[in-house]
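File shown here: my_file.txt, holding compact mmCIF, C-alpha atoms.
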# COMPACT_ATOMS: atom_id res chain seq x y z
CA LYS A 6 0.00 0.00 0.00
CA VAL A 7 1.42 3.41 -1.01
CA THR A 8 0.16 6.61 0.56
CA VAL A 9 0.96 9.84 -1.28
CA LYS A 10 1.07 12.99 0.86
CA LYS A 11 1.46 16.55 -0.33
CA GLN A 12 4.82 17.99 0.69
CA LYS A 13 4.46 21.34 2.41
CA VAL A 14 6.95 24.21 2.36
CA THR A 15 9.64 23.85 5.04
CA ALA A 16 11.50 27.15 4.57
CA ILE A 17 11.57 30.42 2.64
CA THR A 18 14.80 32.27 1.91
CA PHE A 19 15.97 35.16 -0.27
CA ALA A 20 19.02 35.62 -2.47
CA LYS A 21 19.78 38.89 -0.64
CA ALA A 22 19.23 39.78 3.01
CA SER A 23 18.54 43.39 1.98
CA VAL A 24 18.16 45.43 -1.20
CA ALA A 25 18.18 49.07 -2.20
CA VAL A 26 16.10 50.76 -4.86
CA GLN A 27 15.81 54.30 -6.12
CA LYS A 28 12.54 56.17 -5.66
CA GLY A 29 10.39 55.46 -8.70
CA LYS A 30 12.37 52.38 -9.76
CA LYS A 31 11.82 48.65 -9.33
CA VAL A 32 13.88 45.78 -7.91
CA SER A 33 13.33 42.04 -7.48
CA ASN A 34 14.46 39.79 -4.64
CA LEU A 35 12.21 36.78 -5.10
CA ALA A 36 11.45 34.21 -2.43
CA ILE A 37 13.16 30.82 -2.72
CA VAL A 38 10.96 27.97 -1.52
CA THR A 39 12.31 24.78 0.07
CA PRO A 40 11.93 22.00 -0.89
CA THR A 41 11.73 22.50 -4.62
CA TYR A 42 9.24 19.61 -4.83
CA ALA A 43 6.73 21.22 -2.47
CA ALA A 44 3.19 20.66 -3.74
CA ASN A 45 2.32 24.35 -3.56
CA LYS A 46 5.27 26.73 -3.97
CA LYS A 47 3.22 29.90 -4.17
CA VAL A 48 3.94 32.73 -1.74
CA THR A 49 2.21 35.99 -0.90
CA TYR A 50 4.18 39.20 -0.49
CA LYS A 51 3.48 42.09 1.85
CA SER A 52 5.20 45.43 2.55
CA SER A 53 5.36 46.83 6.06
CA SER A 54 5.05 50.36 4.67
CA THR A 55 3.37 50.83 1.30
CA SER A 56 4.11 54.56 1.45
CA VAL A 57 7.84 53.69 1.26
CA ALA A 58 7.75 50.62 -0.99
CA THR A 59 5.07 48.48 -2.57
CA VAL A 60 5.44 44.86 -3.64
CA SER A 61 3.55 43.10 -6.43
CA THR A 62 2.04 39.63 -6.26
CA SER A 63 5.09 38.43 -8.20
CA GLY A 64 7.53 39.97 -5.69
CA VAL A 65 8.64 43.06 -7.64
CA VAL A 66 9.29 46.01 -5.30
CA THR A 67 8.70 49.64 -6.31
CA GLY A 68 10.32 52.49 -4.38
CA LYS A 69 7.78 55.15 -3.39
CA LYS A 70 9.64 57.48 -1.05
CA VAL A 71 12.99 57.62 0.73
CA GLY A 72 13.01 55.34 3.76
CA THR A 73 13.02 51.66 4.74
CA ALA A 74 10.39 48.93 4.70
CA THR A 75 10.23 45.21 5.34
CA ILE A 76 9.04 42.84 2.65
CA THR A 77 7.60 39.56 3.92
CA ALA A 78 6.90 36.44 1.90
CA THR A 79 4.49 33.86 3.35
CA ALA A 80 3.89 30.36 2.03
CA ALA A 81 0.40 29.96 0.58
CA ASP A 82 0.06 26.28 1.44
CA GLY A 83 -0.93 26.79 5.08
CA SER A 84 2.46 25.74 6.43
CA LYS A 85 2.82 29.22 8.01
CA LYS A 86 6.42 29.44 6.78
CA LYS A 87 7.56 33.01 6.14
CA ASN A 88 10.66 35.18 5.88
CA SER A 89 11.47 38.87 5.42
CA TYR A 90 14.11 41.23 4.06
CA LYS A 91 14.76 44.96 4.33
CA VAL A 92 14.37 47.30 1.37
CA THR A 93 15.94 50.75 1.45
CA VAL A 94 14.54 53.41 -0.88
CA VAL A 95 17.05 56.12 -1.82
CA ALA A 96 16.66 59.38 -3.69
CA PRO A 97 16.82 59.18 -7.50
CA ILE A 98 20.36 58.99 -8.87
CA THR A 99 21.07 60.98 -12.01
CA LYS A 100 24.18 61.11 -14.17
CA ASN A 101 24.90 64.49 -12.57
CA SER A 102 24.59 63.32 -8.94
CA ALA A 103 28.38 62.79 -8.94
CA LYS A 104 31.19 62.50 -11.47
CA PHE A 105 30.50 58.92 -12.51
CA ILE A 106 33.39 57.07 -14.16
CA ALA A 107 32.72 53.95 -16.24
CA HIS A 108 35.12 51.24 -15.01
CA ARG A 109 36.95 49.93 -18.09
CA GLY A 110 34.04 51.34 -20.06
CA LEU A 111 30.48 50.22 -19.42
CA SER A 112 31.91 46.79 -18.64
CA ALA A 113 28.64 45.41 -17.28
CA GLU A 114 27.31 45.63 -20.84
CA ALA A 115 30.30 44.80 -23.06
CA PRO A 116 33.79 43.29 -22.73
CA GLU A 117 36.07 45.48 -20.62
CA ASN A 118 38.49 47.99 -22.12
CA THR A 119 37.00 47.66 -25.59
CA ILE A 120 35.90 50.53 -27.77
CA LYS A 121 32.38 49.10 -27.70
CA ALA A 122 32.34 49.39 -23.91
CA TYR A 123 33.45 53.04 -24.18
CA GLU A 124 30.86 53.82 -26.83
CA LEU A 125 28.17 52.42 -24.55
CA ALA A 126 29.51 54.49 -21.63
CA GLY A 127 29.49 57.61 -23.77
CA GLY A 128 25.96 56.93 -24.95
CA ALA A 129 24.85 56.44 -21.34
CA GLY A 130 26.15 59.86 -20.34
CA PHE A 131 29.05 58.96 -18.04
CA TRP A 132 31.23 61.90 -16.95
CA GLY A 133 34.41 59.88 -17.42
CA ALA A 134 35.73 56.52 -18.55
CA GLU A 135 38.58 54.63 -16.87
CA THR A 136 41.03 52.41 -18.71
CA ASP A 137 44.23 50.45 -18.07
CA VAL A 138 47.28 51.22 -20.20
CA ARG A 139 50.26 48.98 -20.89
CA MET A 140 53.07 49.08 -23.48
CA THR A 141 53.77 46.73 -26.35
CA LYS A 142 57.15 45.39 -27.38
CA ASP A 143 57.44 48.25 -29.89
CA LYS A 144 56.51 50.83 -27.20
CA LYS A 145 52.93 51.46 -28.31
CA PHE A 146 50.16 52.00 -25.76
CA ILE A 147 47.23 49.59 -25.58
CA LEU A 148 44.28 49.00 -23.25
CA GLN A 149 44.89 45.93 -21.11
CA HIS A 150 44.26 45.33 -17.40
CA ASP A 151 45.91 41.95 -16.83
CA LEU A 152 49.58 41.11 -17.02
CA THR A 153 48.83 38.72 -19.92
CA PHE A 154 46.10 38.18 -22.53
CA LYS A 155 45.11 34.78 -21.12
CA ARG A 156 41.82 35.76 -19.45
CA LEU A 157 40.38 37.78 -22.31
CA CYS A 158 42.00 36.25 -25.39
CA GLY A 159 43.17 32.82 -24.25
CA VAL A 160 46.79 33.70 -25.06
CA ASP A 161 49.25 33.53 -22.16
CA LYS A 162 51.59 36.27 -23.41
CA LYS A 163 52.50 39.67 -22.02
CA PRO A 164 51.95 42.87 -24.02
CA GLU A 165 55.65 43.75 -23.69
CA ASP A 166 56.53 40.49 -25.47
CA MET A 167 54.33 41.23 -28.49
CA THR A 168 54.24 43.96 -31.11
CA LEU A 169 51.12 46.05 -31.65
CA SER A 170 50.55 44.31 -34.98
CA GLU A 171 50.64 40.89 -33.28
CA ILE A 172 48.32 42.03 -30.48
CA GLN A 173 45.72 43.40 -32.88
CA LYS A 174 45.46 39.96 -34.48
CA LEU A 175 44.21 38.56 -31.16
CA THR A 176 40.49 38.05 -30.58
CA ILE A 177 38.79 38.87 -27.28
CA LYS A 178 36.78 35.77 -26.37
CA SER A 179 35.41 36.56 -22.91
CA GLY A 180 33.63 39.40 -21.16
CA ASN A 181 30.09 40.54 -20.55
CA ASN A 182 27.74 39.99 -23.51
CA ILE A 183 30.58 38.53 -25.59
CA SER A 184 28.09 36.22 -27.35
CA LYS A 185 26.10 39.30 -28.40
CA TYR A 186 29.16 41.09 -29.71
CA LYS A 187 31.27 38.15 -30.93
CA ASN A 188 31.15 39.44 -34.51
CA VAL A 189 31.65 43.10 -33.60
CA LYS A 190 35.23 44.23 -34.17
CA SER A 191 35.08 47.06 -31.62
CA ALA A 192 34.17 44.50 -28.91
CA THR A 193 36.64 41.79 -29.85
CA THR A 194 39.84 43.70 -30.72
CA VAL A 195 42.42 44.91 -28.21
CA ALA A 196 42.13 48.70 -28.39
CA THR A 197 44.89 51.27 -28.70
CA LEU A 198 45.19 54.35 -26.53
CA GLU A 199 44.54 56.52 -29.58
CA ASP A 200 41.22 54.77 -30.29
CA TYR A 201 40.17 55.15 -26.65
CA LEU A 202 41.05 58.86 -26.47
CA THR A 203 39.28 59.56 -29.75
CA THR A 204 36.15 57.80 -28.47
CA CYS A 205 36.22 59.73 -25.19
CA LYS A 206 36.59 62.97 -27.10
CA LYS A 207 33.70 62.07 -29.39
CA TYR A 208 31.35 61.50 -26.44
CA ASN A 209 32.76 64.35 -24.33
CA MET A 210 33.91 61.92 -21.61
CA VAL A 211 36.94 62.58 -19.45
CA PRO A 212 39.63 59.92 -20.05
CA VAL A 213 40.82 58.40 -16.75
CA ILE A 214 44.05 56.65 -17.69
CA GLU A 215 45.42 54.15 -15.20
CA ILE A 216 49.12 53.60 -15.83
CA LYS A 217 49.19 49.86 -15.23
CA MET A 218 52.94 50.04 -14.86
CA GLU A 219 55.53 50.58 -12.14
CA PHE A 220 58.24 53.22 -12.36
CA VAL A 221 61.81 52.00 -12.80
CA GLU A 222 64.81 54.24 -13.37
CA TYR A 223 66.31 52.69 -16.48
CA GLY A 224 63.76 50.23 -17.85
CA ASN A 225 65.65 47.00 -17.27
CA GLU A 226 65.00 46.59 -13.52
CA THR A 227 62.54 44.11 -12.06
CA THR A 228 59.31 45.61 -10.74
CA ASN A 229 58.36 45.10 -7.09
CA ASP A 230 54.76 44.29 -8.05
CA SER A 231 54.52 41.19 -10.24
CA ARG A 232 51.21 42.47 -11.68
CA MET A 233 52.93 45.49 -13.17
CA GLN A 234 54.98 46.23 -16.23
CA ALA A 235 58.13 48.37 -15.99
CA VAL A 236 57.85 51.99 -17.13
CA THR A 237 60.46 54.76 -17.24
CA LYS A 238 59.94 58.49 -17.07
CA ASN A 239 60.67 58.67 -20.81
CA ASN A 240 57.79 56.27 -21.44
CA MET A 241 55.50 58.45 -19.36
CA GLU A 242 56.59 61.50 -21.32
CA ASP A 243 55.52 59.66 -24.48
CA LEU A 244 52.21 58.74 -22.83
CA TYR A 245 51.60 62.35 -21.88
CA ALA A 246 52.60 63.65 -25.32
CA LEU A 247 50.19 61.31 -27.14
CA THR A 248 47.33 62.06 -24.75
CA ASN A 249 47.91 65.80 -24.94
CA GLN A 250 48.14 65.66 -28.72
CA ILE A 251 44.66 64.13 -28.98
CA MET A 252 42.91 65.78 -26.02
CA GLY A 253 44.48 69.25 -26.20
CA ASN A 254 42.84 71.55 -23.64
CA LYS A 255 40.09 69.04 -22.79
CA GLU A 256 40.15 67.49 -19.34
CA TYR A 257 41.90 64.15 -18.71
CA MET A 258 43.40 62.27 -15.77
CA PHE A 259 46.40 60.03 -15.10
CA ILE A 260 46.09 57.60 -12.21
CA ALA A 261 48.40 54.88 -10.90
CA TYR A 262 48.68 52.37 -8.08
CA ASP A 263 52.44 52.64 -7.82
CA PHE A 264 53.19 55.82 -5.88
CA TRP A 265 56.52 56.43 -7.64
CA THR A 266 54.72 56.31 -10.98
CA VAL A 267 52.33 58.99 -9.71
CA LYS A 268 55.26 61.08 -8.51
CA LYS A 269 57.18 60.81 -11.78
CA MET A 270 54.10 61.57 -13.88
CA GLY A 271 53.69 64.65 -11.70
CA GLU A 272 57.18 65.70 -12.72
CA VAL A 273 56.27 65.18 -16.37
CA LEU A 274 53.18 67.37 -15.98
CA ARG A 275 55.11 70.13 -14.23
CA GLU A 276 57.91 70.07 -16.80
CA ASN A 277 55.30 70.44 -19.53
CA LYS A 278 53.64 73.28 -17.61
CA THR A 279 50.21 71.67 -17.63
CA THR A 280 47.45 73.33 -15.63
CA SER A 281 45.65 71.58 -12.82
CA THR A 282 42.33 72.61 -14.35
CA ASN A 283 42.48 70.27 -17.32
CA VAL A 284 44.98 67.56 -16.27
CA LYS A 285 44.44 65.71 -12.98
CA LEU A 286 46.68 63.23 -11.15
CA GLN A 287 45.40 60.56 -8.77
CA HIS A 288 46.97 57.96 -6.50
CA VAL A 289 45.09 54.64 -6.56
CA THR A 290 45.31 52.87 -3.22
CA ASN A 291 43.86 50.18 -0.98
CA ASN A 292 45.26 51.98 2.06
CA PRO A 293 44.20 55.63 2.26
CA ASP A 294 46.53 57.36 4.70
CA GLN A 295 45.41 60.62 6.32
CA GLY A 296 49.07 61.36 6.93
CA MET A 297 49.43 61.94 3.18
CA ILE A 298 46.80 64.69 2.97
CA ASN A 299 49.22 67.62 3.04
CA TYR A 300 51.63 65.85 0.66
CA TYR A 301 48.80 65.20 -1.83
CA LYS A 302 47.47 68.74 -1.56
CA LYS A 303 50.87 70.37 -2.07
CA ARG A 304 51.53 68.30 -5.21
CA LYS A 305 47.95 68.48 -6.51
CA ILE A 306 47.42 64.73 -6.23
CA GLU A 307 43.89 63.41 -5.69
CA LEU A 308 42.89 60.23 -3.83
CA ASP A 309 41.37 57.26 -5.63
CA ALA A 310 40.55 54.66 -2.98
CA ASN A 311 39.06 51.18 -2.81
CA CYS A 312 35.54 51.75 -1.48
CA ASP A 313 35.87 48.71 0.78
CA LYS A 314 39.03 50.07 2.41
CA ILE A 315 38.01 53.62 3.28
CA SER A 316 35.90 54.91 6.16
CA LEU A 317 33.52 57.85 6.22
CA SER A 318 35.93 59.61 8.58
CA ASP A 319 38.72 59.14 6.01
CA ILE A 320 36.54 60.66 3.30
CA LYS A 321 35.75 63.65 5.51
CA ALA A 322 39.41 64.14 6.49
CA PHE A 323 40.62 64.18 2.87
CA LYS A 324 37.76 66.45 1.78
CA ASP A 325 38.34 68.83 4.68
CA GLY A 326 42.05 68.81 3.84
CA GLY A 327 41.38 70.02 0.31
CA VAL A 328 41.99 66.70 -1.48
CA ASN A 329 39.41 65.43 -3.97
CA VAL A 330 38.24 61.87 -3.33
CA GLY A 331 37.35 59.17 -5.85
CA LEU A 332 36.12 55.67 -4.94
CA TRP A 333 36.20 52.39 -6.83
CA THR A 334 34.45 50.13 -7.69
CA VAL A 335 30.93 50.95 -6.44
CA ASP A 336 28.10 48.87 -7.91
CA ASP A 337 25.62 48.98 -5.01
CA THR A 338 22.74 51.48 -5.14
CA GLU A 339 22.65 52.19 -1.40
CA ARG A 340 26.40 52.78 -1.22
CA VAL A 341 26.30 55.10 -4.20
CA ALA A 342 23.55 57.11 -2.49
CA ASP A 343 25.61 57.26 0.72
CA TYR A 344 28.71 58.47 -1.15
CA ILE A 345 26.70 61.11 -2.98
CA ALA A 346 25.51 62.35 0.43
CA GLN A 347 29.16 62.45 1.56
CA LYS A 348 29.93 64.58 -1.52
CA VAL A 349 32.51 62.14 -2.89
CA ASP A 350 33.97 63.73 -6.02
CA TYR A 351 34.27 60.69 -8.30
CA ILE A 352 32.48 57.32 -8.28
CA THR A 353 33.90 54.57 -10.49
CA THR A 354 31.39 51.87 -11.37
CA ASN A 355 30.60 49.05 -13.78
CA THR A 356 26.91 49.93 -13.72
CA LYS A 357 24.62 52.71 -14.94
CA PHE A 358 22.35 53.87 -12.10
CA TRP A 359 20.12 56.30 -13.99
Here is a file; write its structure as structure tokens.
Amino acid sequence: KVTVKKQKVTAITFAKASVAVQKGKKVSNLAIVTPTYAANKKVTYKSSSTSVATVSTSGVVTGKKVGTATITATAADGSKKKNSYKVTVVAPITKNSAKFIAHRGLSAEAPENTIKAYELAGGAGFWGAETDVRMTKDKKFILQHDLTFKRLCGVDKKPEDMTLSEIQKLTIKSGNNISKYKNVKSATTVATLEDYLTTCKKYNMVPVIEIKMEFVEYGNETTNDSRMQAVTKNNMEDLYALTNQIMGNKEYMFIAYDFWTVKKMGEVLRENKTTSTNVKLQHVTNNPDQGMINYYKKRKIELDANCDKISLSDIKAFKDGGVNVGLWTVDDTERVADYIAQKVDYITTNTKFW
């Protein structure tokens, strides 16, 4: 004798313990029912404050006004199983809420550091677009984050071991929406600095050029950071000259993780009598040090910090000390809203929030 009983829901969970949504926009954080073979997996949703956020029968939340609410999902099979999560509604974010910088282009929508990603960023209205620059064997500048082309192109070679001609024969095979753009040259070809600068100029975006290299005196020394390529002051002079040739009096920025690279590029800028109004210099760091505030200010260096490694008190100290602050990489709506409230100068992101 076999008796078949209907399995009831034993638990309800959510992918996220909390979510944020802009006023007037929608977000989903659907209930996950356990077990998957429950006879009735339907749930009902309820908001603790419909004036702050409403929730549809399918679990889609709409932000109504700035504040917080609790969304509760209850099993419809009579098991009385339920669970909740917090939703935070923030003020609408526009492209002018801060100086938003597209991280390696709009890399959530197209392969990173490709001209297609920069065209999408320009079309979306980003203030600036960040890229990573390395040198080829024949001393040309290309856009490439990693030490080798293995991750993007499947070729385990360094840029400095290949000529520009050889590199441009490579095909980018990975990245966001690569299947959509697999036959699009601008999304599958390693870009040159010239192409990037021209695209930024076309869309009136500020180029944010990360020198993915570490300063060495003569060019034949070993770098301290294995992720970096060696760069001399002469190379940086060439980098400046090419950028200045294309951008002219338009605004652009040089940034670097290696502090000595920042310092030497500062020397290049001073020797070329550039003005601080159109050419900016930033130090990229995981360890923002308030002890450097006066040094940065005196040399007109801005801070570009890892958002996970900086406190609100750090932000305030640098701002109060006259040093502009940029944060990377911020892809969370609530954090973006918080940083806007803190008047952070630059927000680097993979995502469009407006």
Nearest to Val14 of chain A, chosen from A:Gln27, A:Asp82, A:Val221, A:Lys155, with all atoms listed in the file counted in the distances: A:Asp82
Who sits within 9 Å of Lys357 of chain A, only C-alpha atoms, same chain under 6 positions skipped, as a ChimeraX atom specification: /A:100,105,107,111,113,126,129,131,336
Computed interatomic separation between atom CA of Ser102 of chain A and atom CA of Tyr90 of chain A (Å): 27.7 Å
Shell of 12 Å around Ala74 of chain A, only C-alpha atoms, local chain residues under 2 positions omitted, as a VMD selection string: chain A and resid 23 to 26 51 to 60 66 to 72 76 to 77 89 to 95
Atom CA of Thr354 of chain A to atom CA of Glu117 of chain A, straight-line distance in Å: 12.2 Å
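Within 7 Å of Ala196 of chain A, once all atoms listed in the file are used and residues closer than 5 positions along the same chain are dropped, the contacting residues are Thr119, Ile120, Ile147, Leu148 and Tyr201 of chain A.
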Of the listed residues A:Thr15, A:Ser281, A:Thr136, A:Thr62, that which approaches Lys86 of chain A most closely, counting only C-alpha atoms: A:Thr15
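Considering all atoms listed in the file, the residue among A:Met252, A:Leu244, A:Met167, A:Val236 positioned nearest to Lys207 of chain A is A:Met252.
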Mind completing segment 145-171 of chain A with N, CA, C and O atoms? Output as a PDB file, in the coordinates of the input, please?
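Below is the file that was written, part.pdb:
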ATOM      1  N   LYS A 145      54.225  50.863 -28.030  1.00  0.00           N
ATOM      2  CA  LYS A 145      52.930  51.460 -28.310  1.00  0.00           C
ATOM      3  C   LYS A 145      52.023  51.238 -27.091  1.00  0.00           C
ATOM      4  O   LYS A 145      52.223  50.291 -26.326  1.00  0.00           O
ATOM      5  N   PHE A 146      51.040  52.097 -26.924  1.00  0.00           N
ATOM      6  CA  PHE A 146      50.160  52.000 -25.760  1.00  0.00           C
ATOM      7  C   PHE A 146      48.836  51.349 -26.126  1.00  0.00           C
ATOM      8  O   PHE A 146      48.173  51.766 -27.086  1.00  0.00           O
ATOM      9  N   ILE A 147      48.483  50.319 -25.350  1.00  0.00           N
ATOM     10  CA  ILE A 147      47.230  49.590 -25.580  1.00  0.00           C
ATOM     11  C   ILE A 147      46.427  49.544 -24.282  1.00  0.00           C
ATOM     12  O   ILE A 147      46.943  49.821 -23.206  1.00  0.00           O
ATOM     13  N   LEU A 148      45.154  49.149 -24.409  1.00  0.00           N
ATOM     14  CA  LEU A 148      44.280  49.000 -23.250  1.00  0.00           C
ATOM     15  C   LEU A 148      44.284  47.552 -22.810  1.00  0.00           C
ATOM     16  O   LEU A 148      43.843  46.665 -23.541  1.00  0.00           O
ATOM     17  N   GLN A 149      44.803  47.301 -21.602  1.00  0.00           N
ATOM     18  CA  GLN A 149      44.890  45.930 -21.110  1.00  0.00           C
ATOM     19  C   GLN A 149      45.087  45.967 -19.599  1.00  0.00           C
ATOM     20  O   GLN A 149      46.062  46.532 -19.104  1.00  0.00           O
ATOM     21  N   HIS A 150      44.172  45.339 -18.863  1.00  0.00           N
ATOM     22  CA  HIS A 150      44.260  45.330 -17.400  1.00  0.00           C
ATOM     23  C   HIS A 150      45.260  44.289 -16.905  1.00  0.00           C
ATOM     24  O   HIS A 150      46.142  44.589 -16.102  1.00  0.00           O
ATOM     25  N   ASP A 151      45.116  43.055 -17.366  1.00  0.00           N
ATOM     26  CA  ASP A 151      45.910  41.950 -16.830  1.00  0.00           C
ATOM     27  C   ASP A 151      47.349  41.982 -17.337  1.00  0.00           C
ATOM     28  O   ASP A 151      47.658  42.619 -18.344  1.00  0.00           O
ATOM     29  N   LEU A 152      48.178  41.221 -16.633  1.00  0.00           N
ATOM     30  CA  LEU A 152      49.580  41.110 -17.020  1.00  0.00           C
ATOM     31  C   LEU A 152      49.732  40.386 -18.354  1.00  0.00           C
ATOM     32  O   LEU A 152      50.651  40.654 -19.121  1.00  0.00           O
ATOM     33  N   THR A 153      48.804  39.448 -18.652  1.00  0.00           N
ATOM     34  CA  THR A 153      48.830  38.720 -19.920  1.00  0.00           C
ATOM     35  C   THR A 153      47.443  38.761 -20.562  1.00  0.00           C
ATOM     36  O   THR A 153      46.474  39.212 -19.962  1.00  0.00           O
ATOM     37  N   PHE A 154      47.357  38.218 -21.784  1.00  0.00           N
ATOM     38  CA  PHE A 154      46.100  38.180 -22.530  1.00  0.00           C
ATOM     39  C   PHE A 154      45.313  36.892 -22.296  1.00  0.00           C
ATOM     40  O   PHE A 154      44.348  36.609 -23.006  1.00  0.00           O
ATOM     41  N   LYS A 155      45.721  36.096 -21.313  1.00  0.00           N
ATOM     42  CA  LYS A 155      45.110  34.780 -21.120  1.00  0.00           C
ATOM     43  C   LYS A 155      43.622  34.855 -20.803  1.00  0.00           C
ATOM     44  O   LYS A 155      42.815  34.118 -21.389  1.00  0.00           O
ATOM     45  N   ARG A 156      43.216  35.723 -19.877  1.00  0.00           N
ATOM     46  CA  ARG A 156      41.820  35.760 -19.450  1.00  0.00           C
ATOM     47  C   ARG A 156      40.888  36.214 -20.570  1.00  0.00           C
ATOM     48  O   ARG A 156      39.824  35.621 -20.764  1.00  0.00           O
ATOM     49  N   LEU A 157      41.274  37.233 -21.289  1.00  0.00           N
ATOM     50  CA  LEU A 157      40.380  37.780 -22.310  1.00  0.00           C
ATOM     51  C   LEU A 157      40.525  37.111 -23.676  1.00  0.00           C
ATOM     52  O   LEU A 157      39.538  36.914 -24.380  1.00  0.00           O
ATOM     53  N   CYS A 158      41.758  36.759 -24.040  1.00  0.00           N
ATOM     54  CA  CYS A 158      42.000  36.250 -25.390  1.00  0.00           C
ATOM     55  C   CYS A 158      42.434  34.788 -25.435  1.00  0.00           C
ATOM     56  O   CYS A 158      42.550  34.204 -26.521  1.00  0.00           O
ATOM     57  N   GLY A 159      42.712  34.203 -24.272  1.00  0.00           N
ATOM     58  CA  GLY A 159      43.170  32.820 -24.250  1.00  0.00           C
ATOM     59  C   GLY A 159      44.617  32.652 -24.648  1.00  0.00           C
ATOM     60  O   GLY A 159      45.055  31.536 -24.949  1.00  0.00           O
ATOM     61  N   VAL A 160      45.381  33.744 -24.656  1.00  0.00           N
ATOM     62  CA  VAL A 160      46.790  33.700 -25.060  1.00  0.00           C
ATOM     63  C   VAL A 160      47.631  34.150 -23.863  1.00  0.00           C
ATOM     64  O   VAL A 160      47.520  35.292 -23.407  1.00  0.00           O
ATOM     65  N   ASP A 161      48.479  33.247 -23.367  1.00  0.00           N
ATOM     66  CA  ASP A 161      49.250  33.530 -22.160  1.00  0.00           C
ATOM     67  C   ASP A 161      50.567  34.250 -22.503  1.00  0.00           C
ATOM     68  O   ASP A 161      51.661  33.738 -22.273  1.00  0.00           O
ATOM     69  N   LYS A 162      50.431  35.453 -23.065  1.00  0.00           N
ATOM     70  CA  LYS A 162      51.590  36.270 -23.410  1.00  0.00           C
ATOM     71  C   LYS A 162      51.417  37.671 -22.860  1.00  0.00           C
ATOM     72  O   LYS A 162      50.299  38.176 -22.756  1.00  0.00           O
ATOM     73  N   LYS A 163      52.532  38.316 -22.531  1.00  0.00           N
ATOM     74  CA  LYS A 163      52.500  39.670 -22.020  1.00  0.00           C
ATOM     75  C   LYS A 163      52.528  40.677 -23.168  1.00  0.00           C
ATOM     76  O   LYS A 163      53.147  40.415 -24.208  1.00  0.00           O
ATOM     77  N   PRO A 164      51.913  41.842 -22.978  1.00  0.00           N
ATOM     78  CA  PRO A 164      51.950  42.870 -24.020  1.00  0.00           C
ATOM     79  C   PRO A 164      53.375  43.260 -24.405  1.00  0.00           C
ATOM     80  O   PRO A 164      53.666  43.483 -25.587  1.00  0.00           O
ATOM     81  N   GLU A 165      54.281  43.321 -23.402  1.00  0.00           N
ATOM     82  CA  GLU A 165      55.650  43.750 -23.690  1.00  0.00           C
ATOM     83  C   GLU A 165      56.446  42.722 -24.490  1.00  0.00           C
ATOM     84  O   GLU A 165      57.555  43.006 -24.953  1.00  0.00           O
ATOM     85  N   ASP A 166      55.865  41.529 -24.668  1.00  0.00           N
ATOM     86  CA  ASP A 166      56.530  40.490 -25.470  1.00  0.00           C
ATOM     87  C   ASP A 166      55.942  40.374 -26.862  1.00  0.00           C
ATOM     88  O   ASP A 166      56.323  39.498 -27.635  1.00  0.00           O
ATOM     89  N   MET A 167      54.995  41.285 -27.191  1.00  0.00           N
ATOM     90  CA  MET A 167      54.330  41.230 -28.490  1.00  0.00           C
ATOM     91  C   MET A 167      54.311  42.637 -29.100  1.00  0.00           C
ATOM     92  O   MET A 167      54.231  43.635 -28.394  1.00  0.00           O
ATOM     93  N   THR A 168      54.358  42.682 -30.424  1.00  0.00           N
ATOM     94  CA  THR A 168      54.240  43.960 -31.110  1.00  0.00           C
ATOM     95  C   THR A 168      52.762  44.343 -31.204  1.00  0.00           C
ATOM     96  O   THR A 168      51.871  43.497 -31.036  1.00  0.00           O
ATOM     97  N   LEU A 169      52.512  45.612 -31.494  1.00  0.00           N
ATOM     98  CA  LEU A 169      51.120  46.050 -31.650  1.00  0.00           C
ATOM     99  C   LEU A 169      50.434  45.284 -32.766  1.00  0.00           C
ATOM    100  O   LEU A 169      49.277  44.875 -32.626  1.00  0.00           O
ATOM    101  N   SER A 170      51.133  45.049 -33.861  1.00  0.00           N
ATOM    102  CA  SER A 170      50.550  44.310 -34.980  1.00  0.00           C
ATOM    103  C   SER A 170      50.138  42.902 -34.552  1.00  0.00           C
ATOM    104  O   SER A 170      49.060  42.419 -34.914  1.00  0.00           O
ATOM    105  N   GLU A 171      50.968  42.243 -33.765  1.00  0.00           N
ATOM    106  CA  GLU A 171      50.640  40.890 -33.280  1.00  0.00           C
ATOM    107  C   GLU A 171      49.449  40.921 -32.321  1.00  0.00           C
ATOM    108  O   GLU A 171      48.573  40.044 -32.374  1.00  0.00           O
TER     109      GLU A 171
END
